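Novice: Please see the structure below; I have some questions.
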Amino acid sequence: MGLGPLNAVTLAQARVQAEECRRQRHQDIDPIEARNAVREQAKLEAARAITFTDAAAAFIKAHQVSWRNAKHASQWAGTLKTYVEPVFGSLSVQAIDTGLVMKALEPIWAVKPETASRLRGRIESILDWSKVRGHRGGENPARWKGHLDQLLPKKSKVRDVAHHPALPYHETAPFMAALRDREGVAARALEFLILTAARTSDIIGNNRDDVSPMMWKHVDLARRVWTVPKTKNGSEHLVPLSNAACNVLKGVAKPSRQSDDLVFPSNDGLPLSNMTMAAVLKRMNAERKRDGKSPYVDPKSSGREVVPHGFRSTFRDWAAERTNFPSEVVEMGLAHAIGDKVEAAYRRGDLFEKRRRLMDAWAEYCAKTTKSGATVIALPGKKSRARQ
């Protein structure tokens, strides 16, 4: 058995190695086989070693077929490249510990809690995948319960959740009257959005969630139905149209329209931008301020000016406080996903006819007007009276 070349191993070192080999032989261990086993183990460890960046790429490749669109994969890769790679992207997944995970999360946990929370979950998933594939062992340093929850505050405690400012439902009718007096495609799109309690993305589209903009092929005016081919939740949704909503569509329809034409196009024929309907609200508020009137604000949201998405909350508050429609009808009218998996498995219908009655009632409420010149004033302890 060779112990090494003369120019690399001294006589003293050779004597020590030889003595160790004799002890192994005394223990019935073949020194040559033992040395080869150590070398093979070192090769195996090197083969098993994989950096976090490589593990992340492999994880995304394995799971992206189950994700809704390519944008989701790019979001994963983007957040990992921005916040993780500079910290431990080049390190072996086996070397990643709690200290390194905290080093990546702490700088953004307080300033970007939503992003930080998603990032933590992504790190945890990648390290779990690495463990199952045999690239690391031990506990996952990115797990939340019983681990990072002791080191970081809950996301909900970092700062208050900022809800979309919504108009109080009792102000909807006068707002809608003012909106109907405005011209332009954006004003009609906003009116239609309010009457259907739809998401902005259902009308103008959303590349992030692969939601296409509203087209005439999605509308059946004869049956008073609007088919949203893919909502934010990834499923088709049938929206019953009230007469008021149909009138909005008839008002923007062109005789020469094609099935693939946009219902609410911009001046250049493209889908409306995300800020177009919000701009209508800003102009309405600016005009009210010039006239010495109070702007349209949400008193529950620090007096912030209302936004288009907030009208879904307006609709939800009205349905809960002024109607007897069941909660599940209202939630399905908002195209909300069913949170309870058991209930979702057994509920097969879409409650369409009940939702039609709901949307008709909402349109009627949006069109309500008080007597000309009359203002309803609530007097403490007495019934409301109308004063001229």
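As shown in the structure tokens, the chain order sets the letters A, B, ...; within each chain, residues go from 1, and ligands are also counted from 1 in the order they appear.
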Please, which residues of segment 22-236 of chain A, numbered as in this document, come out alpha helix (DSSP H) from DSSP, as a ChimeraX atom specification?

Specialist: /A:22-26,31-48,52-63,70-83,98-109,113-132,155-158,172-180,185-196,200-204

Novice: Name all residues at most 8 Å from segment 258-267 of chain A (count only C-alpha atoms; drop same-chain ones fewer than 2 positions away) and give them as an MDAnalysis selection string.

Specialist: chainID A and resid 185:186 189 203:204 213:217 249 252:253 256 269:272

Novice: Expressed in Å to a single decimal, how great is the separation between atom CA of Lys282 of chain A and atom CA of Tyr296 of chain A?

Specialist: 9.2 Å

Novice: Hey, which of A:Lys81, A:Arg39, A:Arg356, A:His26 ends up closest to Arg223 of chain A? Count only C-alpha atoms.

Specialist: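 That would be A:Arg356, the residue with the smallest distance to Arg223 of chain A.
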
Novice: As a list of chain:residue names, which residues of segment 229-305 of chain A does DSSP assign to strand (DSSP E)?

Specialist: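 Matching residues for strand (DSSP E) in segment 229-305 of chain A are A:His237, A:Leu238, A:Val239, A:Pro240, A:Val297, A:Asp298, A:Arg304, A:Glu305.
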
Novice: Looking at A:Met102, A:Cys21, A:Ala361, A:Leu334, which one is nearest to Glu33 of chain A, with distances taken over only C-alpha atoms?

Specialist: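 Looking only at the distances to Glu33 of chain A, the closest residue turns out to be A:Cys21.
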
Novice: What gap, in Å, lies between atom CA of Trp109 of chain A and atom CA of Ala166 of chain A?

Specialist: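 It comes out at 28.0 Å.
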
Novice: I'd like the neighbourhood of segment 304-313 of chain A as a list of chain:residue names, where a residue qualifies if any of its atoms comes within 7 Å (using only C-alpha atoms), though same-chain residues fewer than 5 positions away should be ignored.

Specialist: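 Here the qualifying residues turn out to be A:His164, A:Pro165, A:Ala166, A:Leu167, A:Ile194, A:Ala197, A:Arg199, A:Thr200, A:Met277, A:Ala278, A:Tyr296, A:Val297, A:Asp298.
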
Novice: Save out the residues we just selected, N, CA and C atoms, as a compact mmCIF listing (two decimals), in the first residue's frame.

Specialist:
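To be explicit, this is the file written out as part-v8.txt:
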```txt
# COMPACT_ATOMS: atom_id res chain seq x y z
N HIS A 164 -59.28 48.78 0.82
CA HIS A 164 -59.61 49.71 -0.25
C HIS A 164 -60.69 50.68 0.26
N PRO A 165 -60.46 51.98 0.16
CA PRO A 165 -61.48 52.94 0.61
C PRO A 165 -62.78 52.74 -0.15
N ALA A 166 -63.88 52.67 0.58
CA ALA A 166 -65.17 52.37 -0.02
C ALA A 166 -66.19 53.47 0.33
N LEU A 167 -67.09 53.74 -0.59
CA LEU A 167 -68.14 54.72 -0.37
C LEU A 167 -69.22 54.11 0.53
N ILE A 194 -69.67 49.04 -10.97
CA ILE A 194 -70.44 49.19 -9.73
C ILE A 194 -71.72 48.37 -9.79
N ALA A 197 -70.77 44.72 -9.37
CA ALA A 197 -69.90 44.41 -8.22
C ALA A 197 -68.70 43.58 -8.68
N ARG A 199 -64.74 42.84 -10.28
CA ARG A 199 -63.37 43.29 -10.08
C ARG A 199 -62.95 44.13 -11.29
N THR A 200 -62.04 45.05 -11.06
CA THR A 200 -61.53 45.86 -12.16
C THR A 200 -60.88 44.98 -13.22
N MET A 277 -60.31 54.28 -14.49
CA MET A 277 -61.52 54.47 -13.70
C MET A 277 -61.22 55.24 -12.42
N ALA A 278 -60.03 55.01 -11.85
CA ALA A 278 -59.63 55.77 -10.66
C ALA A 278 -59.53 57.26 -11.00
N TYR A 296 -65.88 62.42 -2.18
CA TYR A 296 -66.31 61.04 -1.91
C TYR A 296 -65.18 60.33 -1.18
N VAL A 297 -65.37 60.11 0.10
CA VAL A 297 -64.32 59.49 0.91
C VAL A 297 -64.92 58.36 1.74
N ASP A 298 -64.04 57.54 2.29
CA ASP A 298 -64.43 56.46 3.19
C ASP A 298 -64.11 56.90 4.62
```

Novice: For atom CA of Phe352 of chain A and atom CA of Ser235 of chain A, quote the distance in Å rounded to one decimal.

Specialist: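 Going from atom CA of Phe352 of chain A over to atom CA of Ser235 of chain A, I get 15.3 Å.
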
Novice: Could you tell me which of A:Ala177, A:Gly138, A:Lys289, A:Lys300 comes closest to His163 of chain A if we count only C-alpha atoms?

Specialist: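 For His163 of chain A, the nearest of the candidates is A:Lys300.
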